[in-house]
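A.B. asks: Sharing upload-v6.tsv below, TSV, C-alpha atoms:
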```tsv
chain	number	residue	atom	x	y	z
W	1	MET	CA	25.85	3.88	-18.81
W	2	ARG	CA	25.03	0.60	-17.03
W	3	GLU	CA	22.98	-2.04	-18.84
W	4	ILE	CA	20.29	-4.16	-17.18
W	5	GLN	CA	18.64	-6.92	-19.15
W	6	ALA	CA	14.86	-6.91	-19.40
W	7	GLY	CA	14.85	-10.58	-18.49
W	8	ALA	CA	16.44	-9.77	-15.13
W	9	VAL	CA	13.67	-7.27	-14.47
W	10	ALA	CA	10.97	-9.84	-15.22
W	11	GLU	CA	12.65	-12.40	-12.97
W	12	ALA	CA	12.96	-9.91	-10.12
W	13	VAL	CA	9.34	-8.78	-10.40
W	14	SER	CA	8.10	-12.35	-10.41
W	15	GLY	CA	10.05	-13.31	-7.31
W	16	LEU	CA	9.05	-10.17	-5.44
W	17	PHE	CA	5.34	-10.66	-6.04
W	18	GLU	CA	5.46	-14.24	-4.84
W	19	GLN	CA	7.41	-13.29	-1.72
W	20	ALA	CA	5.13	-10.34	-0.97
W	21	SER	CA	2.05	-12.51	-1.37
W	22	TYR	CA	3.31	-15.20	1.02
W	23	GLU	CA	5.25	-13.31	3.70
W	24	LEU	CA	4.46	-10.23	5.78
W	25	GLY	CA	7.42	-7.97	6.45
W	26	GLU	CA	8.99	-8.02	9.91
W	27	ASP	CA	7.84	-4.43	10.43
W	28	VAL	CA	4.22	-5.49	9.91
W	29	ILE	CA	4.57	-8.51	12.20
W	30	SER	CA	6.12	-6.32	14.91
W	31	ALA	CA	3.35	-3.73	14.56
W	32	LEU	CA	0.69	-6.44	14.87
W	33	LYS	CA	2.32	-7.89	17.98
W	34	LYS	CA	2.47	-4.41	19.51
W	35	ALA	CA	-1.20	-3.90	18.62
W	36	ARG	CA	-2.05	-7.24	20.26
W	37	ALA	CA	-0.39	-6.09	23.48
W	38	GLN	CA	-2.28	-2.79	23.45
W	39	GLU	CA	-5.69	-4.09	22.42
W	40	GLU	CA	-8.16	-4.26	25.33
W	41	SER	CA	-11.04	-5.92	23.50
W	42	PRO	CA	-11.07	-9.75	23.83
W	43	ALA	CA	-12.57	-10.03	20.34
W	44	GLY	CA	-9.94	-7.65	18.99
W	45	ARG	CA	-7.11	-9.66	20.54
W	46	GLU	CA	-8.55	-12.86	19.10
W	47	VAL	CA	-8.68	-11.29	15.64
W	48	ILE	CA	-5.03	-10.20	15.84
W	49	ASP	CA	-4.04	-13.68	17.05
W	50	THR	CA	-5.76	-15.12	13.98
W	51	ILE	CA	-4.02	-12.62	11.68
W	52	LEU	CA	-0.62	-13.57	13.12
W	53	GLU	CA	-1.36	-17.28	12.84
W	54	ASN	CA	-2.50	-16.79	9.25
W	55	ALA	CA	0.80	-15.03	8.50
W	56	ARG	CA	2.75	-17.90	10.05
W	57	ILE	CA	0.94	-20.53	7.99
W	58	ALA	CA	1.19	-18.56	4.74
W	59	ALA	CA	4.97	-18.12	5.12
W	60	ALA	CA	5.54	-21.75	6.11
W	61	ASP	CA	3.39	-23.28	3.38
W	62	LYS	CA	4.07	-20.69	0.65
W	63	ILE	CA	0.42	-19.87	0.14
W	64	PRO	CA	-1.20	-16.44	-0.27
W	65	LEU	CA	-1.77	-14.39	2.87
W	66	CYS	CA	-5.15	-13.37	1.46
W	67	GLN	CA	-7.45	-14.72	-1.23
W	68	ASP	CA	-7.35	-11.24	-2.78
W	69	CYS	CA	-3.90	-11.15	-4.35
W	70	GLY	CA	-4.55	-7.63	-5.50
W	71	THR	CA	-3.83	-5.29	-8.34
W	72	ALA	CA	-0.14	-5.55	-9.26
W	73	VAL	CA	1.21	-2.10	-8.43
W	74	VAL	CA	4.89	-1.52	-9.24
W	75	PHE	CA	7.10	1.44	-8.35
W	76	LEU	CA	10.27	1.88	-10.42
W	77	GLU	CA	13.12	4.19	-9.45
W	78	ILE	CA	15.31	4.27	-12.55
W	79	GLY	CA	18.82	5.63	-12.33
W	80	GLN	CA	19.44	8.13	-15.12
W	81	ASP	CA	22.57	6.16	-16.03
W	82	VAL	CA	20.68	2.87	-16.49
W	83	LEU	CA	19.83	1.39	-19.88
W	84	VAL	CA	17.39	-1.52	-20.06
W	85	VAL	CA	18.40	-3.78	-22.93
W	86	LYS	CA	17.03	-6.83	-24.77
W	87	GLY	CA	13.43	-5.87	-24.22
W	88	ASP	CA	10.93	-3.22	-23.18
W	89	LEU	CA	10.96	-2.27	-19.49
W	90	TYR	CA	7.17	-2.17	-19.00
W	91	ALA	CA	6.75	-5.40	-20.97
W	92	ALA	CA	9.32	-7.01	-18.67
W	93	VAL	CA	7.42	-5.85	-15.59
W	94	ASN	CA	4.19	-7.31	-16.94
W	95	GLU	CA	5.95	-10.56	-17.83
W	96	GLY	CA	7.13	-10.79	-14.23
W	97	VAL	CA	3.58	-10.24	-13.00
W	98	ARG	CA	2.29	-12.86	-15.42
W	99	GLN	CA	4.83	-15.44	-14.20
W	100	ALA	CA	4.24	-14.74	-10.51
W	101	TYR	CA	0.46	-15.00	-10.67
W	102	ASP	CA	0.63	-18.16	-12.78
W	103	GLU	CA	3.47	-20.06	-11.13
W	104	GLY	CA	2.68	-18.79	-7.62
W	105	TYR	CA	-1.01	-19.77	-7.80
W	106	LEU	CA	-2.08	-16.22	-7.00
W	107	ARG	CA	-5.65	-15.14	-7.71
W	108	LYS	CA	-5.95	-13.20	-10.95
W	109	SER	CA	-8.28	-10.25	-10.41
W	110	MET	CA	-7.76	-7.80	-13.27
W	111	VAL	CA	-10.60	-7.25	-15.74
W	112	SER	CA	-10.44	-5.49	-19.08
W	113	HIS	CA	-13.12	-2.99	-20.17
W	114	PRO	CA	-14.01	-2.16	-16.54
W	115	PHE	CA	-17.34	-0.49	-17.35
W	116	SER	CA	-18.69	-3.11	-19.79
W	117	ASP	CA	-18.01	-6.86	-20.11
W	118	ARG	CA	-15.34	-6.95	-17.34
W	119	ALA	CA	-13.64	-10.04	-18.78
W	120	ASN	CA	-10.75	-11.30	-16.64
W	121	THR	CA	-7.40	-10.73	-18.35
W	122	GLY	CA	-6.31	-14.17	-17.12
W	123	ASP	CA	-2.86	-13.26	-15.80
W	124	ASN	CA	-3.41	-10.21	-13.53
W	125	THR	CA	-1.85	-7.87	-16.06
W	126	PRO	CA	-1.54	-5.08	-16.84
W	127	ALA	CA	0.35	-3.84	-13.82
W	128	VAL	CA	-0.11	-0.29	-12.56
W	129	ILE	CA	3.40	1.13	-12.96
W	130	HIS	CA	4.78	4.31	-11.41
W	131	THR	CA	8.16	5.50	-12.67
W	132	ASP	CA	10.62	7.94	-11.14
W	133	ILE	CA	13.94	8.97	-12.69
W	134	VAL	CA	16.67	9.34	-10.06
W	135	PRO	CA	20.45	9.89	-10.06
W	136	GLY	CA	22.70	6.85	-10.32
W	137	ASN	CA	23.07	3.62	-12.23
W	138	LYS	CA	20.71	1.31	-10.37
W	139	LEU	CA	17.10	0.23	-10.77
W	140	LYS	CA	14.95	-0.09	-7.64
W	141	ILE	CA	11.80	-2.17	-8.02
W	142	THR	CA	9.05	-2.15	-5.39
W	143	VAL	CA	6.02	-4.38	-5.83
W	144	PHE	CA	2.76	-3.78	-4.01
W	145	PRO	CA	-0.16	-6.24	-4.39
W	146	LYS	CA	-3.06	-3.92	-3.49
W	147	GLY	CA	-6.26	-5.60	-2.36
W	148	GLY	CA	-9.60	-4.35	-3.63
W	149	GLY	CA	-11.33	-4.03	-0.26
W	150	ALA	CA	-8.83	-1.45	0.94
W	151	GLU	CA	-8.32	0.27	-2.41
W	152	ASN	CA	-12.06	0.82	-2.80
W	153	MET	CA	-11.98	2.97	0.35
W	154	ALA	CA	-9.57	5.55	-1.16
W	155	ARG	CA	-10.82	9.11	-0.92
W	156	LEU	CA	-9.87	12.51	-2.33
W	157	ALA	CA	-10.97	15.97	-1.20
W	158	MET	CA	-10.08	19.32	-2.74
W	159	LEU	CA	-10.41	21.35	0.43
W	160	LEU	CA	-10.37	25.12	0.62
W	161	PRO	CA	-7.15	26.44	2.18
W	162	SER	CA	-9.23	27.85	5.02
W	163	ALA	CA	-9.94	24.27	6.16
W	164	GLY	CA	-6.35	24.14	7.38
W	165	ARG	CA	-4.78	21.45	9.52
W	166	GLN	CA	-8.00	20.59	11.34
W	167	GLY	CA	-9.80	20.18	8.05
W	168	VAL	CA	-7.20	17.63	6.98
W	169	ILE	CA	-7.58	15.71	10.24
W	170	ASP	CA	-11.37	15.72	10.02
W	171	PHE	CA	-11.37	14.48	6.43
W	172	VAL	CA	-8.94	11.62	7.09
W	173	VAL	CA	-10.72	10.46	10.23
W	174	LYS	CA	-14.10	10.61	8.45
W	175	ALA	CA	-12.69	8.51	5.58
W	176	VAL	CA	-11.59	5.80	8.02
W	177	ALA	CA	-14.90	5.96	9.89
W	178	GLU	CA	-16.91	5.56	6.69
W	179	ALA	CA	-14.70	2.69	5.55
W	180	TRP	CA	-15.31	0.88	8.88
W	181	SER	CA	-14.49	-2.84	8.46
W	182	ASN	CA	-14.29	-2.84	4.64
W	183	PRO	CA	-10.49	-2.36	4.43
W	184	CYS	CA	-9.86	-5.15	7.00
W	185	PRO	CA	-8.46	-3.22	9.97
W	186	PRO	CA	-6.16	-2.69	11.70
W	187	VAL	CA	-5.20	-0.56	8.71
W	188	ILE	CA	-2.29	1.58	7.69
W	189	VAL	CA	-3.54	5.03	6.68
W	190	GLY	CA	-1.69	6.67	3.79
W	191	VAL	CA	-2.27	10.41	3.51
W	192	GLY	CA	-1.17	12.71	0.69
W	193	ILE	CA	-1.46	16.47	1.18
W	194	GLY	CA	-0.80	19.15	-1.42
W	195	GLY	CA	0.25	19.22	-5.05
W	196	THR	CA	-2.65	18.52	-7.39
W	197	ALA	CA	-5.39	15.91	-7.25
W	198	GLU	CA	-3.32	13.17	-8.87
W	199	LYS	CA	-0.17	14.10	-6.91
W	200	ALA	CA	-2.03	13.83	-3.60
W	201	MET	CA	-3.45	10.43	-4.56
W	202	PHE	CA	-0.01	9.19	-5.54
W	203	MET	CA	1.55	10.38	-2.28
W	204	ALA	CA	-1.17	8.68	-0.23
W	205	LYS	CA	-0.38	5.35	-1.87
W	206	HIS	CA	3.39	5.84	-1.86
W	207	ALA	CA	3.28	6.60	1.88
W	208	LEU	CA	2.09	3.03	2.47
W	209	LEU	CA	5.51	1.72	1.40
W	210	ARG	CA	7.23	3.24	4.42
W	211	LYS	CA	8.24	0.93	7.26
W	212	VAL	CA	5.14	0.58	9.42
W	213	GLY	CA	5.14	3.18	12.17
W	214	ALA	CA	8.26	5.00	10.97
W	215	HIS	CA	7.36	8.68	11.20
W	216	SER	CA	7.89	11.22	8.46
W	217	PRO	CA	11.25	13.02	8.67
W	218	ASP	CA	9.28	16.27	8.43
W	219	LYS	CA	8.26	17.30	11.96
W	220	GLU	CA	4.94	18.86	10.93
W	221	ASN	CA	4.00	15.72	9.04
W	222	ALA	CA	5.13	13.51	11.94
W	223	ASP	CA	3.07	15.49	14.44
W	224	LEU	CA	0.06	15.24	12.13
W	225	GLU	CA	0.55	11.46	11.85
W	226	LYS	CA	0.43	11.09	15.64
W	227	GLU	CA	-2.70	13.21	16.01
W	228	ILE	CA	-4.59	11.47	13.20
W	229	LEU	CA	-3.67	8.04	14.60
W	230	LYS	CA	-5.00	9.01	18.03
W	231	ASN	CA	-8.27	10.20	16.50
W	232	VAL	CA	-8.61	7.11	14.30
W	233	ASP	CA	-8.09	4.73	17.22
W	234	ASN	CA	-10.68	6.67	19.21
W	235	LEU	CA	-13.28	5.63	16.61
W	236	GLY	CA	-13.51	2.25	18.34
W	237	ILE	CA	-13.77	0.28	15.09
W	238	GLY	CA	-11.10	-2.16	16.23
W	239	PRO	CA	-9.59	-5.18	14.46
W	240	MET	CA	-11.82	-6.30	11.59
W	241	GLY	CA	-14.56	-4.00	12.87
W	242	TYR	CA	-15.27	-6.03	16.03
W	243	GLY	CA	-14.59	-3.02	18.25
W	244	GLY	CA	-11.52	-2.15	20.23
W	245	ARG	CA	-8.68	0.26	20.81
W	246	ILE	CA	-6.59	-0.50	17.70
W	247	THR	CA	-8.15	0.53	14.39
W	248	ALA	CA	-4.87	1.51	12.67
W	249	LEU	CA	-1.31	0.26	12.96
W	250	ALA	CA	0.06	3.57	11.69
W	251	VAL	CA	-0.64	6.78	9.81
W	252	HIS	CA	1.89	7.80	7.15
W	253	VAL	CA	1.76	11.33	5.71
W	254	GLU	CA	3.48	12.74	2.63
W	255	SER	CA	3.10	16.37	1.60
W	256	PHE	CA	3.97	18.67	-1.30
W	257	PRO	CA	3.58	22.41	-1.98
W	258	ALA	CA	0.16	23.42	-3.31
W	259	HIS	CA	-1.44	26.22	-5.31
W	260	ILE	CA	-2.60	29.24	-3.29
W	261	THR	CA	-6.23	28.31	-3.98
W	262	ALA	CA	-6.06	24.64	-3.06
W	263	LEU	CA	-5.59	22.10	-0.28
W	264	PRO	CA	-5.79	18.63	-1.87
W	265	VAL	CA	-6.02	15.76	0.62
W	266	ALA	CA	-6.01	12.08	-0.34
W	267	VAL	CA	-6.45	8.96	1.76
W	268	ASN	CA	-5.39	5.45	0.74
W	269	LEU	CA	-6.01	2.66	3.22
W	270	GLN	CA	-3.96	-0.53	3.44
W	271	CYS	CA	-5.36	-3.62	5.12
W	272	HIS	CA	-3.47	-5.50	7.83
W	273	SER	CA	-2.05	-7.73	5.09
W	274	ALA	CA	0.45	-5.00	4.16
W	275	ARG	CA	2.28	-6.74	1.35
W	276	HIS	CA	5.19	-5.18	-0.48
W	277	ARG	CA	8.76	-6.09	-1.35
W	278	GLU	CA	11.64	-4.31	-3.06
W	279	ILE	CA	14.97	-5.03	-4.72
W	280	VAL	CA	17.76	-2.93	-6.22
W	281	LEU	CA	19.34	-4.18	-9.45
```
How does the structure come out when it is put into C-alpha cells?
C.D. replies:
Amino acid sequence: MREIQAGAVAEAVSGLFEQASYELGEDVISALKKARAQEESPAGREVIDTILENARIAAADKIPLCQDCGTAVVFLEIGQDVLVVKGDLYAAVNEGVRQAYDEGYLRKSMVSHPFSDRANTGDNTPAVIHTDIVPGNKLKITVFPKGGGAENMARLAMLLPSAGRQGVIDFVVKAVAEAWSNPCPPVIVGVGIGGTAEKAMFMAKHALLRKVGAHSPDKENADLEKEILKNVDNLGIGPMGYGGRITALAVHVESFPAHITALPVAVNLQCHSARHREIVL
C-alpha cells in the first residue's frame, strides 16, 4: 500500500487549476491554428486570431483565459493500492480549489441553494468530483474548469433503438445547431452513447478530456466522429457564431453497451477555451 498525503493532493489541485485557467494546451493551440488555416470567412479568421492572441496574453501575464473560470470539475483515478493519509481526499480536493480560486484571482461562480437564494459560496467550492478505482499505486488528478455558457448547452436524449446511427447523428447536430453561438465556438463536441442516462452524460463530458482531434480507438466511434464533425461544420455557424466553415474543432465519442430497449445519447459542448490539466502522484 502506497501512502499519499492529503496536503499533496490539495497542492496539486491548486496548481493544476491555476495552470489550466491561464494556459491552453498545445493540442488546443494546434487545433485553433489548423482551424484558422481552413476557415474561409474573413470574420471567422479574425475571431480565431483574437482567440489565439488572447491565449498568448493570458499565458504570458498569468491571467484567466476567460472571465468565466467555471465549475471546478475534478476526475480522480485512484489506484487500488493507494491510501490517502492525514486528511480526507474530497476535502483535500476542495481545499485545492479554494486556494486556486483565491490565490489565482479566478472568478468564483458557485452558488449554494441553486433554486432559491443562490448565494455565492465565495471560494468556488464544492467541486464536482468523479472517482474511478483503477489498478496500481498512483493517483491521477485531472482538473476541468467548465464554463457555464458551454455547460448550459448540454443535452440528453433517450432515443428508441430504432433511431440507430442516423438518429444519433441527427440529435448531436441538432444540439449544436440549437446552441449556436452560446457555447463560444469553435467548440469541441463530447458525445456519450449507451449505458444509462447518467452514464451517457458522464461519457460525453469525459470525452472532452481527450487530446483535441485524437480519434477514438474504436473504429465505429471514430467513423461516427468524422461524420458528425462534417455535419456540424456544414451548419455554417462558424467561430463565435459569425458564420464560416469551422464550427467545431473536433467531435469526441465514447460509447458503452446499452439495454435492449434503450439508446441513450448525451452531448456536452466545450468552448474554444478548452481548459484542463492533469498530474499523476
A.B. asks: Which one of W:Arg56, W:Gly194, W:Ala6, W:Met1 sits closest to Pro257 in chain W if you count only C-alpha atoms?
C.D. replies: W:Gly194
A.B. asks: Can you pull out every residue within 10 Å of Ala179 in chain W, counting only C-alpha atoms, but drop anything in the same chain fewer than 5 positions away, and send it as a list in words?
C.D. replies: Gly149, Ala150, Asn152, Met153, Ala154, Arg155, Val173, Lys174, Cys184, Pro185, Ile237, Gly241 and Leu269 of chain W
A.B. asks: For C-alpha atoms, I'd like the residues from the last selection saved as a compact mmCIF listing (two decimals), in the coordinates of the input.
C.D. replies:
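Ended up saving to result_0.txt:
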```
# COMPACT_ATOMS: atom_id res chain seq x y z
CA GLY W 149 -11.33 -4.03 -0.26
CA ALA W 150 -8.83 -1.45 0.94
CA ASN W 152 -12.06 0.82 -2.80
CA MET W 153 -11.98 2.97 0.35
CA ALA W 154 -9.57 5.55 -1.16
CA ARG W 155 -10.82 9.11 -0.92
CA VAL W 173 -10.72 10.46 10.23
CA LYS W 174 -14.10 10.61 8.45
CA CYS W 184 -9.86 -5.15 7.00
CA PRO W 185 -8.46 -3.22 9.97
CA ILE W 237 -13.77 0.28 15.09
CA GLY W 241 -14.56 -4.00 12.87
CA LEU W 269 -6.01 2.66 3.22
```
A.B. asks: In Å to one decimal, how far is CA of Tyr101 in chain W from CA of Pro126 in chain W?
C.D. replies: 11.9 Å
A.B. asks: Could you list, as a PDB file with C-alpha atoms, in the frame of the given file, every residue within 12 Å of Ser112 in chain W, counting only C-alpha atoms and ignoring same-chain residues fewer than 6 positions away?
C.D. replies:
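Now in out.pdb:
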```pdb
ATOM      1  CA  ARG W 118     -15.340  -6.950 -17.340  1.00  0.00           C
ATOM      2  CA  ALA W 119     -13.640 -10.040 -18.780  1.00  0.00           C
ATOM      3  CA  ASN W 120     -10.750 -11.300 -16.640  1.00  0.00           C
ATOM      4  CA  THR W 121      -7.400 -10.730 -18.350  1.00  0.00           C
ATOM      5  CA  GLY W 122      -6.310 -14.170 -17.120  1.00  0.00           C
ATOM      6  CA  ASP W 123      -2.860 -13.260 -15.800  1.00  0.00           C
ATOM      7  CA  ASN W 124      -3.410 -10.210 -13.530  1.00  0.00           C
ATOM      8  CA  THR W 125      -1.850  -7.870 -16.060  1.00  0.00           C
ATOM      9  CA  PRO W 126      -1.540  -5.080 -16.840  1.00  0.00           C
TER      10      PRO W 126
END
```
A.B. asks: List the spatial neighbours of Ala8 in chain W as a PDB file with C-alpha atoms, in the frame of the given file - criterion: any atom at most 9 Å away, only C-alpha atoms, same-chain residues fewer than 4 positions off excluded.
C.D. replies:
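The resulting selection24.pdb:
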```
ATOM      1  CA  ILE W   4      20.290  -4.160 -17.180  1.00  0.00           C
ATOM      2  CA  ALA W  12      12.960  -9.910 -10.120  1.00  0.00           C
ATOM      3  CA  VAL W  13       9.340  -8.780 -10.400  1.00  0.00           C
ATOM      4  CA  ALA W  92       9.320  -7.010 -18.670  1.00  0.00           C
ATOM      5  CA  LEU W 281      19.340  -4.180  -9.450  1.00  0.00           C
TER       6      LEU W 281
END
```
A.B. asks: Between W:Glu26, W:Asp218, W:Glu11, W:Glu227, which residue has the minimum interatomic distance to Glu95 in chain W, considering all atoms listed in the file?
C.D. replies: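 Closest to Glu95 in chain W, using all atoms listed in the file: W:Glu11.
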A.B. asks: Of the candidates W:Ala266, W:Leu209, W:Ala91, W:Ile228, which shows the shortest atom-to-atom distance to Val143 in chain W, using only C-alpha atoms?
C.D. replies: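 That would be W:Leu209, the residue with the smallest distance to Val143 in chain W.
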A.B. asks: Using CA of Val267 in chain W and CA of Ser30 in chain W as the two end points, give the distance in Å to one decimal.
C.D. replies: 23.8 Å
A.B. asks: Find the residue from W:Glu151, W:Glu3, W:Asp61, W:Glu40 that sits nearest to Val84 in chain W; use all atoms listed in the file when measuring.
C.D. replies: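 For Val84 in chain W, the nearest of the given residues is W:Glu3.
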A.B. asks: For Ala207 in chain W, which residue among W:Thr142, W:Gln5, W:Gln19, W:Asn268 is the nearest when counting only C-alpha atoms?
C.D. replies: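 The answer is W:Asn268, which sits nearest to Ala207 in chain W.
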A.B. asks: Go through range 144-239 of chain W residue by residue and, counting all atoms listed in the file, keep those with an atom at most 10 Å from range 243-247 of chain W; for each kept residue give the shortest atom pair and its distance in Å to one decimal, ordered by chain and increasing number, as CSV.
C.D. replies:
```
residue,atom,partner,partner_atom,distance
W:Val176,CA,W:Thr247,CA,9.0
W:Ala177,CA,W:Thr247,CA,9.8
W:Trp180,CA,W:Thr247,CA,9.0
W:Ser181,CA,W:Thr247,CA,9.3
W:Cys184,CA,W:Thr247,CA,9.5
W:Pro185,CA,W:Thr247,CA,5.8
W:Pro186,CA,W:Thr247,CA,4.6
W:Val187,CA,W:Thr247,CA,6.5
W:Ile188,CA,W:Thr247,CA,9.0
W:Leu229,CA,W:Thr247,CA,8.7
W:Lys230,CA,W:Ile246,CA,9.6
W:Asn231,CA,W:Thr247,CA,9.9
W:Val232,CA,W:Thr247,CA,6.6
W:Asp233,CA,W:Thr247,CA,5.1
W:Asn234,CA,W:Arg245,CA,6.9
W:Leu235,CA,W:Thr247,CA,7.6
W:Gly236,CA,W:Gly244,CA,5.2
W:Ile237,CA,W:Gly243,CA,4.6
W:Gly238,CA,W:Gly244,CA,4.0
W:Pro239,CA,W:Thr247,CA,5.9
```
A.B. asks: Which is closer to Leu52 in chain W than all the others in W:His252, W:His272, W:Lys86, W:Lys205, using all atoms listed in the file?
C.D. replies: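 When distances to Leu52 in chain W are compared using all atoms listed in the file, the smallest one comes from W:His272.
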A.B. asks: One decimal, Å: what's the distance from CA of Tyr22 in chain W over to CA of Ala59 in chain W, could you say?
C.D. replies: 5.3 Å
A.B. asks: Name all residues at most 8 Å from range 66-82 of chain W (count all atoms listed in the file; drop same-chain ones fewer than 6 positions away) and give them as a PyMOL selection string.
C.D. replies: chain W and resi 1-4+21+97+106-110+124-148+273
A.B. asks: Please determine an axis-aligned box that encloses all atoms of range 145-162 of chain W listed in the file, with 8 Å added on each side, and express its centre and edge lengths in Å to one decimal as JSON.
C.D. replies:
```
{"center_x": -6.1, "center_y": 10.8, "center_z": 0.3, "size_x": 27.9, "size_y": 50.1, "size_z": 25.4}
```
